[in-house]
file coords-v2.pdb (PDB, C-alpha atoms and all ligand atoms)
ATOM      1  CA  MET A   1     186.215  18.674  24.002
ATOM      2  CA  LEU A   2     188.799  20.114  21.618
ATOM      3  CA  PRO A   3     189.000  23.922  21.329
ATOM      4  CA  SER A   4     186.783  25.145  18.472
ATOM      5  CA  HIS A   5     189.589  27.302  17.043
ATOM      6  CA  TRP A   6     191.542  24.097  16.250
ATOM      7  CA  LEU A   7     188.923  23.465  13.540
ATOM      8  CA  ASP A   8     188.394  19.764  14.251
ATOM      9  CA  LYS A   9     192.043  18.745  14.418
ATOM     10  CA  PRO A  10     193.466  17.268  17.638
ATOM     11  CA  TYR A  11     196.191  19.893  17.606
ATOM     12  CA  TYR A  12     196.460  23.619  16.953
ATOM     13  CA  SER A  13     197.631  23.663  13.342
ATOM     14  CA  LEU A  14     199.054  26.590  11.423
ATOM     15  CA  ASP A  15     196.277  25.994   8.927
ATOM     16  CA  ALA A  16     193.651  26.600  11.637
ATOM     17  CA  TYR A  17     195.501  29.697  12.850
ATOM     18  CA  CYS A  18     195.659  31.170   9.332
ATOM     19  CA  LYS A  19     192.046  30.346   8.477
ATOM     20  CA  GLN A  20     190.890  32.296  11.492
ATOM     21  CA  ARG A  21     193.354  35.117  11.140
ATOM     22  CA  PHE A  22     193.014  35.598   7.362
ATOM     23  CA  HIS A  23     189.688  33.836   6.646
ATOM     24  CA  GLN A  24     191.222  31.549   4.064
ATOM     25  CA  LYS A  25     193.946  29.000   3.530
ATOM     26  CA  VAL A  26     197.348  30.674   3.379
ATOM     27  CA  TYR A  27     200.458  29.071   1.875
ATOM     28  CA  LYS A  28     204.097  29.898   2.367
ATOM     29  CA  ILE A  29     206.343  30.813  -0.526
ATOM     30  CA  ALA A  30     209.918  29.753   0.296
ATOM     31  CA  LEU A  31     212.549  32.328  -0.647
ATOM     32  CA  ASP A  32     216.282  32.468  -1.013
ATOM     33  CA  GLY A  33     217.443  35.958  -0.081
ATOM     34  CA  GLY A  34     220.960  35.307  -1.352
ATOM     35  CA  LEU A  35     222.446  35.315   2.149
ATOM     36  CA  THR A  36     224.912  33.005   3.856
ATOM     37  CA  CYS A  37     225.392  31.718   7.377
ATOM     38  CA  PRO A  38     228.127  32.111  10.046
ATOM     39  CA  ASN A  39     228.333  28.344  10.172
ATOM     40  CA  ARG A  40     229.339  28.295   6.519
ATOM     41  CA  ASP A  41     231.249  31.497   5.801
ATOM     42  CA  GLY A  42     234.039  30.691   8.262
ATOM     43  CA  THR A  43     232.901  32.971  11.086
ATOM     44  CA  LEU A  44     232.000  29.943  13.223
ATOM     45  CA  ASP A  45     232.734  27.109  10.831
ATOM     46  CA  THR A  46     232.879  26.394   7.133
ATOM     47  CA  ARG A  47     231.158  23.017   7.153
ATOM     48  CA  GLY A  48     227.639  24.096   8.195
ATOM     49  CA  CYS A  49     225.396  22.152  10.545
ATOM     50  CA  ILE A  50     225.909  18.440  10.006
ATOM     51  CA  PHE A  51     222.465  17.916   8.427
ATOM     52  CA  CYS A  52     222.304  21.066   6.314
ATOM     53  CA  SER A  53     222.180  20.797   2.533
ATOM     54  CA  SER A  54     224.347  22.932   0.274
ATOM     55  CA  ARG A  55     221.421  25.312  -0.247
ATOM     56  CA  GLY A  56     221.289  26.147   3.447
ATOM     57  CA  SER A  57     218.150  24.113   4.141
ATOM     58  CA  GLY A  58     216.347  26.142   1.503
ATOM     59  CA  ASP A  59     215.953  23.402  -1.093
ATOM     60  CA  PHE A  60     212.374  24.363  -1.897
ATOM     61  CA  ALA A  61     213.116  28.060  -2.159
ATOM     62  CA  VAL A  62     212.818  29.712  -5.543
ATOM     63  CA  LYS A  63     216.316  30.304  -6.967
ATOM     64  CA  SER A  64     218.129  33.340  -5.610
ATOM     65  CA  MET A  65     219.197  34.924  -8.884
ATOM     66  CA  ASN A  66     215.797  36.576  -8.972
ATOM     67  CA  SER A  67     214.719  39.470  -6.773
ATOM     68  CA  VAL A  68     212.413  38.740  -3.845
ATOM     69  CA  ALA A  69     209.484  40.215  -5.784
ATOM     70  CA  GLN A  70     210.267  37.934  -8.763
ATOM     71  CA  GLN A  71     210.615  34.898  -6.518
ATOM     72  CA  LEU A  72     207.266  35.688  -4.939
ATOM     73  CA  GLU A  73     205.609  36.020  -8.330
ATOM     74  CA  ALA A  74     207.111  32.697  -9.431
ATOM     75  CA  GLY A  75     205.960  31.045  -6.192
ATOM     76  CA  ARG A  76     202.487  32.505  -6.516
ATOM     77  CA  ALA A  77     202.232  31.277 -10.108
ATOM     78  CA  MET A  78     203.158  27.757  -8.968
ATOM     79  CA  PHE A  79     200.466  27.773  -6.297
ATOM     80  CA  GLY A  80     198.036  29.413  -8.716
ATOM     81  CA  LYS A  81     198.017  26.221 -10.791
ATOM     82  CA  LYS A  82     196.779  24.329  -7.742
ATOM     83  CA  LYS A  83     193.876  26.787  -7.293
ATOM     84  CA  THR A  84     194.792  27.577  -3.708
ATOM     85  CA  GLY A  85     193.922  30.754  -1.837
ATOM     86  CA  THR A  86     195.029  34.223  -2.800
ATOM     87  CA  LEU A  87     197.106  35.125   0.246
ATOM     88  CA  PHE A  88     200.634  34.021   1.113
ATOM     89  CA  ILE A  89     203.376  34.260   3.689
ATOM     90  CA  ALA A  90     206.854  35.059   2.395
ATOM     91  CA  TYR A  91     209.171  32.561   4.016
ATOM     92  CA  PHE A  92     212.822  33.618   4.071
ATOM     93  CA  GLN A  93     214.071  30.071   4.338
ATOM     94  CA  ALA A  94     217.527  29.504   2.872
ATOM     95  CA  TYR A  95     220.569  30.077   5.123
ATOM     96  CA  THR A  96     220.460  32.686   7.933
ATOM     97  CA  ASN A  97     218.055  35.431   7.031
ATOM     98  CA  THR A  98     219.162  38.058   9.536
ATOM     99  CA  TYR A  99     222.837  37.628   8.639
ATOM    100  CA  GLY A 100     223.535  40.493   6.287
ATOM    101  CA  LYS A 101     223.831  44.240   6.010
ATOM    102  CA  ILE A 102     220.916  45.970   7.674
ATOM    103  CA  GLU A 103     220.102  48.023   4.537
ATOM    104  CA  TYR A 104     219.928  44.884   2.427
ATOM    105  CA  LEU A 105     217.810  43.000   4.955
ATOM    106  CA  SER A 106     215.440  45.940   5.258
ATOM    107  CA  GLN A 107     215.145  46.048   1.464
ATOM    108  CA  ILE A 108     214.321  42.343   1.016
ATOM    109  CA  TYR A 109     211.863  42.207   3.916
ATOM    110  CA  GLU A 110     210.057  45.296   2.645
ATOM    111  CA  GLU A 111     210.020  44.000  -0.900
ATOM    112  CA  ALA A 112     207.923  41.141   0.422
ATOM    113  CA  LEU A 113     205.796  43.138   2.855
ATOM    114  CA  ARG A 114     204.797  45.625   0.142
ATOM    115  CA  GLN A 115     203.092  42.963  -1.983
ATOM    116  CA  PRO A 116     199.328  43.140  -1.442
ATOM    117  CA  TYR A 117     198.943  39.336  -1.477
ATOM    118  CA  ILE A 118     201.631  38.832   1.196
ATOM    119  CA  VAL A 119     200.043  38.785   4.655
ATOM    120  CA  GLY A 120     203.293  38.337   6.516
ATOM    121  CA  ILE A 121     206.919  37.342   6.461
ATOM    122  CA  SER A 122     208.575  34.520   8.331
ATOM    123  CA  ILE A 123     212.313  34.883   8.820
ATOM    124  CA  ALA A 124     214.366  31.751   9.493
ATOM    125  CA  THR A 125     217.531  32.488  11.398
ATOM    126  CA  ARG A 126     219.896  31.571  14.231
ATOM    127  CA  PRO A 127     219.476  32.997  17.738
ATOM    128  CA  ASP A 128     223.069  34.259  17.661
ATOM    129  CA  CYS A 129     222.299  36.415  14.613
ATOM    130  CA  LEU A 130     219.861  38.850  16.189
ATOM    131  CA  PRO A 131     221.878  41.929  17.178
ATOM    132  CA  PRO A 132     220.008  45.010  18.522
ATOM    133  CA  GLU A 133     219.936  46.764  15.125
ATOM    134  CA  ILE A 134     218.153  43.779  13.543
ATOM    135  CA  LEU A 135     215.684  43.622  16.419
ATOM    136  CA  ASP A 136     215.061  47.356  15.989
ATOM    137  CA  LEU A 137     214.517  46.848  12.266
ATOM    138  CA  LEU A 138     211.914  44.156  12.964
ATOM    139  CA  SER A 139     210.160  46.410  15.475
ATOM    140  CA  SER A 140     210.066  49.280  13.003
ATOM    141  CA  LEU A 141     208.633  47.006  10.302
ATOM    142  CA  LYS A 142     205.942  45.886  12.730
ATOM    143  CA  GLU A 143     204.957  49.512  13.184
ATOM    144  CA  LYS A 144     205.111  50.302   9.487
ATOM    145  CA  TYR A 145     203.034  47.264   8.443
ATOM    146  CA  PRO A 146     200.678  46.777  11.416
ATOM    147  CA  GLU A 147     198.256  44.632   9.419
ATOM    148  CA  LYS A 148     200.973  42.131   8.424
ATOM    149  CA  GLU A 149     202.648  39.426  10.478
ATOM    150  CA  ILE A 150     206.370  39.273  11.137
ATOM    151  CA  TRP A 151     207.590  35.989  12.581
ATOM    152  CA  VAL A 152     211.100  34.886  13.451
ATOM    153  CA  GLU A 153     211.991  31.192  13.194
ATOM    154  CA  LEU A 154     214.829  29.994  15.412
ATOM    155  CA  GLY A 155     216.767  26.808  14.645
ATOM    156  CA  LEU A 156     217.163  25.267  18.075
ATOM    157  CA  GLN A 157     216.908  21.558  17.106
ATOM    158  CA  THR A 158     217.711  20.275  20.617
ATOM    159  CA  ILE A 159     218.361  21.475  24.163
ATOM    160  CA  HIS A 160     221.034  18.846  24.762
ATOM    161  CA  SER A 161     224.580  20.152  24.579
ATOM    162  CA  SER A 162     226.155  16.853  23.504
ATOM    163  CA  THR A 163     223.849  16.745  20.467
ATOM    164  CA  SER A 164     224.323  20.429  19.713
ATOM    165  CA  VAL A 165     228.081  19.831  19.533
ATOM    166  CA  TYR A 166     227.570  16.769  17.302
ATOM    167  CA  ILE A 167     225.384  18.713  14.873
ATOM    168  CA  ARG A 168     227.800  21.714  14.998
ATOM    169  CA  ARG A 169     225.008  24.103  15.909
ATOM    170  CA  GLY A 170     227.571  26.585  17.141
ATOM    171  CA  TYR A 171     225.841  28.338  20.047
ATOM    172  CA  PRO A 172     224.895  27.393  23.618
ATOM    173  CA  LEU A 173     221.357  27.189  24.940
ATOM    174  CA  CYS A 174     221.638  30.487  26.868
ATOM    175  CA  VAL A 175     221.910  32.301  23.503
ATOM    176  CA  PHE A 176     218.562  30.841  22.466
ATOM    177  CA  GLU A 177     217.006  31.969  25.749
ATOM    178  CA  GLN A 178     218.413  35.474  25.307
ATOM    179  CA  ALA A 179     217.012  35.690  21.764
ATOM    180  CA  VAL A 180     213.574  34.546  22.953
ATOM    181  CA  GLU A 181     213.636  37.208  25.658
ATOM    182  CA  GLU A 182     214.607  39.987  23.247
ATOM    183  CA  LEU A 183     212.052  38.995  20.616
ATOM    184  CA  SER A 184     209.317  38.612  23.227
ATOM    185  CA  LYS A 185     210.041  42.079  24.626
ATOM    186  CA  ARG A 186     209.269  43.394  21.155
ATOM    187  CA  SER A 187     206.193  41.176  20.741
ATOM    188  CA  ILE A 188     207.690  39.431  17.728
ATOM    189  CA  PRO A 189     206.184  35.938  17.385
ATOM    190  CA  ILE A 190     208.758  33.147  17.574
ATOM    191  CA  VAL A 191     208.625  29.782  15.825
ATOM    192  CA  VAL A 192     211.120  27.198  17.091
ATOM    193  CA  HIS A 193     212.581  24.414  14.945
ATOM    194  CA  VAL A 194     213.159  21.078  16.694
ATOM    195  CA  ILE A 195     214.568  17.956  15.011
ATOM    196  CA  LEU A 196     213.314  14.565  16.163
ATOM    197  CA  GLY A 197     215.609  11.598  15.642
ATOM    198  CA  LEU A 198     219.038  13.196  15.999
ATOM    199  CA  PRO A 199     221.803  10.601  16.521
ATOM    200  CA  GLY A 200     222.450   9.750  20.162
ATOM    201  CA  GLU A 201     219.124  11.122  21.420
ATOM    202  CA  THR A 202     216.615   8.909  23.195
ATOM    203  CA  HIS A 203     212.889   9.565  22.962
ATOM    204  CA  GLU A 204     213.052  10.950  26.504
ATOM    205  CA  MET A 205     215.673  13.497  25.465
ATOM    206  CA  MET A 206     213.500  14.674  22.582
ATOM    207  CA  LEU A 207     210.497  14.957  24.887
ATOM    208  CA  GLU A 208     212.632  17.054  27.231
ATOM    209  CA  THR A 209     213.342  19.496  24.410
ATOM    210  CA  VAL A 210     209.634  19.832  23.659
ATOM    211  CA  SER A 211     208.671  20.227  27.342
ATOM    212  CA  TYR A 212     211.387  22.841  27.827
ATOM    213  CA  LEU A 213     209.785  25.032  25.160
ATOM    214  CA  ASN A 214     206.556  25.213  27.170
ATOM    215  CA  ARG A 215     208.389  27.561  29.551
ATOM    216  CA  PHE A 216     208.663  30.294  26.936
ATOM    217  CA  PRO A 217     206.103  32.539  25.253
ATOM    218  CA  ILE A 218     206.638  31.015  21.827
ATOM    219  CA  PHE A 219     204.071  31.292  19.072
ATOM    220  CA  GLY A 220     204.822  28.138  17.127
ATOM    221  CA  ILE A 221     206.906  25.035  16.721
ATOM    222  CA  LYS A 222     208.196  23.038  13.774
ATOM    223  CA  LEU A 223     208.695  19.395  14.644
ATOM    224  CA  GLN A 224     210.984  18.078  11.979
ATOM    225  CA  LEU A 225     211.792  14.455  11.326
ATOM    226  CA  LEU A 226     215.556  14.035  10.861
ATOM    227  CA  HIS A 227     216.289  13.700   7.161
ATOM    228  CA  VAL A 228     219.589  12.436   5.849
ATOM    229  CA  LEU A 229     220.438  14.396   2.708
ATOM    230  CA  LYS A 230     223.089  13.652   0.099
ATOM    231  CA  ASP A 231     226.455  15.388   0.371
ATOM    232  CA  THR A 232     226.146  16.207   4.055
ATOM    233  CA  ASP A 233     228.438  14.999   6.840
ATOM    234  CA  LEU A 234     225.370  13.460   8.435
ATOM    235  CA  ALA A 235     224.972  11.298   5.333
ATOM    236  CA  ALA A 236     228.595  10.148   5.614
ATOM    237  CA  ASN A 237     227.989   9.066   9.223
ATOM    238  CA  TYR A 238     224.730   7.389   8.259
ATOM    239  CA  LEU A 239     226.372   5.461   5.422
ATOM    240  CA  LYS A 240     229.092   4.311   7.839
ATOM    241  CA  GLY A 241     226.263   2.809   9.908
ATOM    242  CA  GLU A 242     226.726   5.125  12.894
ATOM    243  CA  PHE A 243     222.993   5.630  13.431
ATOM    244  CA  GLN A 244     219.585   4.768  12.034
ATOM    245  CA  THR A 245     216.723   7.035  11.113
ATOM    246  CA  LEU A 246     213.274   6.677  12.647
ATOM    247  CA  GLU A 247     210.766   4.235  11.218
ATOM    248  CA  LYS A 248     207.299   5.523  10.406
ATOM    249  CA  GLU A 249     205.515   3.880  13.362
ATOM    250  CA  GLU A 250     208.233   4.926  15.785
ATOM    251  CA  TYR A 251     208.084   8.502  14.546
ATOM    252  CA  MET A 252     204.319   8.612  14.826
ATOM    253  CA  ASP A 253     204.426   7.331  18.380
ATOM    254  CA  LEU A 254     207.103   9.863  19.328
ATOM    255  CA  LEU A 255     205.304  12.719  17.607
ATOM    256  CA  ILE A 256     202.072  11.990  19.461
ATOM    257  CA  ARG A 257     203.956  11.917  22.762
ATOM    258  CA  CYS A 258     205.482  15.299  21.889
ATOM    259  CA  LEU A 259     202.089  16.783  20.975
ATOM    260  CA  LYS A 260     200.577  15.590  24.241
ATOM    261  CA  LYS A 261     203.340  17.298  26.230
ATOM    262  CA  LEU A 262     203.148  20.536  24.298
ATOM    263  CA  SER A 263     201.177  23.572  25.470
ATOM    264  CA  PRO A 264     197.821  23.792  23.627
ATOM    265  CA  GLU A 265     198.601  27.475  22.940
ATOM    266  CA  ILE A 266     201.562  26.698  20.674
ATOM    267  CA  VAL A 267     200.732  26.596  16.972
ATOM    268  CA  ILE A 268     202.065  23.554  15.119
ATOM    269  CA  HIS A 269     203.792  24.770  11.964
ATOM    270  CA  ARG A 270     205.247  21.427  10.917
ATOM    271  CA  LEU A 271     204.925  17.774  11.878
ATOM    272  CA  THR A 272     207.328  16.017   9.513
ATOM    273  CA  GLY A 273     209.188  18.214   7.042
ATOM    274  CA  ASP A 274     210.111  17.721   3.430
ATOM    275  CA  GLY A 275     213.306  16.157   2.206
ATOM    276  CA  PRO A 276     213.794  16.944  -1.482
ATOM    277  CA  LYS A 277     213.360  13.689  -3.395
ATOM    278  CA  GLU A 278     216.600  14.033  -5.334
ATOM    279  CA  LEU A 279     218.623  14.587  -2.147
ATOM    280  CA  LEU A 280     216.898  12.345   0.365
ATOM    281  CA  ILE A 281     218.801   9.247   1.479
ATOM    282  CA  ALA A 282     216.660   8.328   4.498
ATOM    283  CA  PRO A 283     214.031   7.816   5.718
ATOM    284  CA  LEU A 284     212.390   7.216   2.358
ATOM    285  CA  TRP A 285     208.939   6.629   3.874
ATOM    286  CA  SER A 286     208.847  10.381   4.562
ATOM    287  CA  LEU A 287     208.387  11.020   0.844
ATOM    288  CA  TYR A 288     204.811   9.765   1.236
ATOM    289  CA  LYS A 289     203.703  12.610   3.441
ATOM    290  CA  ARG A 290     200.008  12.293   2.716
ATOM    291  CA  ASP A 291     200.044   8.622   3.809
ATOM    292  CA  PHE A 292     201.746   9.624   7.024
ATOM    293  CA  PHE A 293     199.227  12.355   7.792
ATOM    294  CA  ASN A 294     196.279  10.092   7.021
ATOM    295  CA  ALA A 295     197.678   7.448   9.381
ATOM    296  CA  LEU A 296     198.424  10.042  12.068
ATOM    297  CA  HIS A 297     194.956  11.592  11.933
ATOM    298  CA  ASN A 298     193.271   8.169  11.924
ATOM    299  CA  HIS A 299     195.296   7.125  14.911
ATOM    300  CA  LEU A 300     194.517  10.318  16.839
ATOM    301  CA  ARG A 301     190.827  10.084  15.992
ATOM    302  CA  LYS A 302     190.648   6.520  17.319
ATOM    303  CA  SER A 303     192.816   7.015  20.395
ATOM    304  CA  GLY A 304     191.321  10.367  21.416
ATOM    305  CA  GLU A 305     194.799  11.808  22.090
ATOM    306  CA  TYR A 306     195.397  15.524  21.566
ATOM    307  CA  GLN A 307     197.899  18.353  21.942
ATOM    308  CA  GLY A 308     198.368  19.389  25.558
ATOM    309  CA  GLN A 309     196.762  16.265  27.007
ATOM    310  CA  GLU A 310     199.767  15.887  29.317
ATOM    311  CA  TYR A 311     200.598  19.570  29.653
ATOM    312  CA  PHE A 312     200.271  20.707  33.234
TER     313      PHE A 312
HETATM  314  S1  LIG B 401     222.554  27.567  10.673
HETATM  315 FE1  LIG B 401     221.037  26.971   9.155
HETATM  316  S2  LIG B 401     221.895  27.543   7.155
HETATM  317 FE2  LIG B 401     223.563  27.579   8.669
HETATM  318  S3  LIG B 401     224.508  25.592   8.442
HETATM  319 FE3  LIG B 401     223.017  25.456  10.128
HETATM  320  S4  LIG B 401     221.096  24.757   9.186
HETATM  321 FE4  LIG B 401     222.472  25.427   7.539
END
call {"tool": "encode", "arguments": {"input": "coords-v2.pdb", "output": "structure tokens", "more": "lines below"}}
Ligand code: SF4
result
Amino acid sequence: MLPSHWLDKPYYSLDAYCKQRFHQKVYKIALDGGLTCPNRDGTLDTRGCIFCSSRGSGDFAVKSMNSVAQQLEAGRAMFGKKKTGTLFIAYFQAYTNTYGKIEYLSQIYEEALRQPYIVGISIATRPDCLPPEILDLLSSLKEKYPEKEIWVELGLQTIHSSTSVYIRRGYPLCVFEQAVEELSKRSIPIVVHVILGLPGETHEMMLETVSYLNRFPIFGIKLQLLHVLKDTDLAANYLKGEFQTLEKEEYMDLLIRCLKKLSPEIVIHRLTGDGPKELLIAPLWSLYKRDFFNALHNHLRKSGEYQGQEYF
């Protein structure tokens, strides 16, 4: 029998987590804090990760010329039209959201945390951008806002060094492990980003990345289908015919295998990802997200497969 706190899904979704934690559906408002990234400003590289769009993977974030409070209001107004819930998570999405002056970071995080309708912040960053003063800032915010959640999202993508070099990730795996240790010591929930379908990776390699994460006390995972976006170096390689993206059926099969391997304690924050329509080159089937989810849930219902089924 599936755990009751999964609320009838065959995996532990973020939606189920939020409904129990906040007693209603909670949406994320994507923000652009006006930061940059060491992989773009020349500190490590100027080209960025090979798949990253010019907006630092924050293509759905509200534009950065506005303050965080203004972006949140704009985001809330957009959701308001859809008659969703009244509570939100502020998602610092674009670029590296711990890569800035501590005073500025403190100011933008608090600007979000102070809003009564914001139940938490989620900070997307790189594991090599978490120096002690940032970790201390996060700990102090946890104390100051005990009723709110503070999550850190780490872009790991893969555990395989050959792929990490290809995508120009710019840090070795031990840096990820160190960041997980430091965040865990401070009881800061960690969400890990993994990309499925990176060039040169077999299904087994991707499953190894997912299984590896079971060793750590992580709160959540984002399983992201590889998207090829316009004006990236990945797109240039794709258009040269160097690799293919995953087909829908192949992705579904792989995703289910990943879910089965994954600890049932880990909350699933994402199962496909969104490629902005105007930038997406491939795979175009991913634009029809609802179709994919319907097919996935139908398949899981019929097959009886579930998260953690092969987790031992
Ligand atoms: S670390 Fe993030 S923002 Fe920086 S280039 Fe890579 S994906 Fe883009």
call {"tool": "closest_atom_pairs", "arguments": {"input": "coords-v2.pdb", "of": "chain A", "to": "ligand LIG 401 (chain B)", "cutoff": "12 Å", "atoms": "all atoms listed in the file", "output": "JSON lines"}}
result
{"residue": "A:Asp32", "atom": "CA", "partner": "B:LIG401", "partner_atom": "S2", "distance": 11.1}
{"residue": "A:Gly33", "atom": "CA", "partner": "B:LIG401", "partner_atom": "S2", "distance": 12.0}
{"residue": "A:Gly34", "atom": "CA", "partner": "B:LIG401", "partner_atom": "S2", "distance": 11.6}
{"residue": "A:Leu35", "atom": "CA", "partner": "B:LIG401", "partner_atom": "S2", "distance": 9.3}
{"residue": "A:Thr36", "atom": "CA", "partner": "B:LIG401", "partner_atom": "S2", "distance": 7.1}
{"residue": "A:Cys37", "atom": "CA", "partner": "B:LIG401", "partner_atom": "FE2", "distance": 4.7}
{"residue": "A:Pro38", "atom": "CA", "partner": "B:LIG401", "partner_atom": "FE2", "distance": 6.6}
{"residue": "A:Asn39", "atom": "CA", "partner": "B:LIG401", "partner_atom": "S3", "distance": 5.0}
{"residue": "A:Arg40", "atom": "CA", "partner": "B:LIG401", "partner_atom": "S3", "distance": 5.9}
{"residue": "A:Asp41", "atom": "CA", "partner": "B:LIG401", "partner_atom": "FE2", "distance": 9.1}
{"residue": "A:Gly42", "atom": "CA", "partner": "B:LIG401", "partner_atom": "S3", "distance": 10.8}
{"residue": "A:Thr43", "atom": "CA", "partner": "B:LIG401", "partner_atom": "FE2", "distance": 11.1}
{"residue": "A:Leu44", "atom": "CA", "partner": "B:LIG401", "partner_atom": "FE2", "distance": 9.9}
{"residue": "A:Asp45", "atom": "CA", "partner": "B:LIG401", "partner_atom": "S3", "distance": 8.7}
{"residue": "A:Thr46", "atom": "CA", "partner": "B:LIG401", "partner_atom": "S3", "distance": 8.5}
{"residue": "A:Arg47", "atom": "CA", "partner": "B:LIG401", "partner_atom": "S3", "distance": 7.2}
{"residue": "A:Gly48", "atom": "CA", "partner": "B:LIG401", "partner_atom": "S3", "distance": 3.5}
{"residue": "A:Cys49", "atom": "CA", "partner": "B:LIG401", "partner_atom": "FE3", "distance": 4.1}
{"residue": "A:Ile50", "atom": "CA", "partner": "B:LIG401", "partner_atom": "S3", "distance": 7.5}
{"residue": "A:Phe51", "atom": "CA", "partner": "B:LIG401", "partner_atom": "S4", "distance": 7.0}
{"residue": "A:Cys52", "atom": "CA", "partner": "B:LIG401", "partner_atom": "FE4", "distance": 4.5}
{"residue": "A:Ser53", "atom": "CA", "partner": "B:LIG401", "partner_atom": "FE4", "distance": 6.8}
{"residue": "A:Ser54", "atom": "CA", "partner": "B:LIG401", "partner_atom": "FE4", "distance": 7.9}
{"residue": "A:Arg55", "atom": "CA", "partner": "B:LIG401", "partner_atom": "S2", "distance": 7.7}
{"residue": "A:Gly56", "atom": "CA", "partner": "B:LIG401", "partner_atom": "S2", "distance": 4.0}
{"residue": "A:Ser57", "atom": "CA", "partner": "B:LIG401", "partner_atom": "FE4", "distance": 5.7}
{"residue": "A:Gly58", "atom": "CA", "partner": "B:LIG401", "partner_atom": "S2", "distance": 8.0}
{"residue": "A:Asp59", "atom": "CA", "partner": "B:LIG401", "partner_atom": "S2", "distance": 11.0}
{"residue": "A:Phe92", "atom": "CA", "partner": "B:LIG401", "partner_atom": "S2", "distance": 11.3}
{"residue": "A:Gln93", "atom": "CA", "partner": "B:LIG401", "partner_atom": "S2", "distance": 8.7}
{"residue": "A:Ala94", "atom": "CA", "partner": "B:LIG401", "partner_atom": "S2", "distance": 6.4}
{"residue": "A:Tyr95", "atom": "CA", "partner": "B:LIG401", "partner_atom": "S2", "distance": 3.5}
{"residue": "A:Thr96", "atom": "CA", "partner": "B:LIG401", "partner_atom": "S2", "distance": 5.4}
{"residue": "A:Asn97", "atom": "CA", "partner": "B:LIG401", "partner_atom": "S2", "distance": 8.8}
{"residue": "A:Thr98", "atom": "CA", "partner": "B:LIG401", "partner_atom": "S1", "distance": 11.1}
{"residue": "A:Tyr99", "atom": "CA", "partner": "B:LIG401", "partner_atom": "FE2", "distance": 10.1}
{"residue": "A:Ile123", "atom": "CA", "partner": "B:LIG401", "partner_atom": "FE1", "distance": 11.8}
{"residue": "A:Ala124", "atom": "CA", "partner": "B:LIG401", "partner_atom": "FE1", "distance": 8.2}
{"residue": "A:Thr125", "atom": "CA", "partner": "B:LIG401", "partner_atom": "FE1", "distance": 6.9}
{"residue": "A:Arg126", "atom": "CA", "partner": "B:LIG401", "partner_atom": "S1", "distance": 6.0}
{"residue": "A:Pro127", "atom": "CA", "partner": "B:LIG401", "partner_atom": "S1", "distance": 9.4}
{"residue": "A:Asp128", "atom": "CA", "partner": "B:LIG401", "partner_atom": "S1", "distance": 9.7}
{"residue": "A:Cys129", "atom": "CA", "partner": "B:LIG401", "partner_atom": "S1", "distance": 9.7}
{"residue": "A:Glu153", "atom": "CA", "partner": "B:LIG401", "partner_atom": "FE1", "distance": 10.8}
{"residue": "A:Leu154", "atom": "CA", "partner": "B:LIG401", "partner_atom": "FE1", "distance": 9.3}
{"residue": "A:Gly155", "atom": "CA", "partner": "B:LIG401", "partner_atom": "FE1", "distance": 7.0}
{"residue": "A:Leu156", "atom": "CA", "partner": "B:LIG401", "partner_atom": "S1", "distance": 9.4}
{"residue": "A:Gln157", "atom": "CA", "partner": "B:LIG401", "partner_atom": "S4", "distance": 9.5}
{"residue": "A:Ser164", "atom": "CA", "partner": "B:LIG401", "partner_atom": "FE3", "distance": 10.9}
{"residue": "A:Ile167", "atom": "CA", "partner": "B:LIG401", "partner_atom": "FE3", "distance": 8.6}
{"residue": "A:Arg168", "atom": "CA", "partner": "B:LIG401", "partner_atom": "FE3", "distance": 7.8}
{"residue": "A:Arg169", "atom": "CA", "partner": "B:LIG401", "partner_atom": "FE3", "distance": 6.3}
{"residue": "A:Gly170", "atom": "CA", "partner": "B:LIG401", "partner_atom": "S1", "distance": 8.2}
{"residue": "A:Tyr171", "atom": "CA", "partner": "B:LIG401", "partner_atom": "S1", "distance": 10.0}
{"residue": "A:His193", "atom": "CA", "partner": "B:LIG401", "partner_atom": "S4", "distance": 10.3}
{"residue": "A:Val194", "atom": "CA", "partner": "B:LIG401", "partner_atom": "S4", "distance": 11.5}
{"residue": "A:Ile195", "atom": "CA", "partner": "B:LIG401", "partner_atom": "S4", "distance": 11.1}
{"residue": "A:Thr232", "atom": "CA", "partner": "B:LIG401", "partner_atom": "S3", "distance": 10.5}
{"residue": "A:Asp233", "atom": "CA", "partner": "B:LIG401", "partner_atom": "S3", "distance": 11.4}
call {"tool": "residues_around", "arguments": {"input": "coords-v2.pdb", "residues": "A:Leu255", "least_positions_apart": "5", "cutoff": "12 Å", "atoms": "all atoms listed in the file", "output": "PyMOL selection string"}}
result
chain A and resi 11+194-197+203-204+206-207+210+222-225+246-250+260-262+268+270-272+292-293+296-297+299-300+305-307
call {"tool": "atom_distance", "arguments": {"input": "coords-v2.pdb", "atom1": "atom CA of A:Glu147", "atom2": "atom CA of A:Leu113"}}
result
10.1 Å
call {"tool": "atom_distance", "arguments": {"input": "coords-v2.pdb", "atom1": "atom CA of A:Gln20", "atom2": "atom CA of A:Ser184"}}
result
22.7 Å
call {"tool": "closest_residue", "arguments": {"input": "coords-v2.pdb", "among": "A:Tyr91, A:Glu265, A:Gln244, A:Leu173", "to": "A:Trp6", "atoms": "all atoms listed in the file"}}
result
A:Glu265
call {"tool": "atom_distance", "arguments": {"input": "coords-v2.pdb", "atom1": "atom CA of A:Leu183", "atom2": "atom CA of A:Pro264"}}
result
21.0 Å
call {"tool": "resolve_selection", "arguments": {"input": "coords-v2.pdb", "expression": "the PyMOL selection byres (((chain A and resi 211-221) around 6) and not hetatm)", "output": "PyMOL selection string"}}
result
chain A and resi 189-193+208-210+222+263+266-269
call {"tool": "closest_residue", "arguments": {"input": "coords-v2.pdb", "among": "A:Lys289, A:Leu138, A:Lys25, A:Leu259", "to": "A:Gly308", "atoms": "all atoms listed in the file"}}
result
A:Leu259
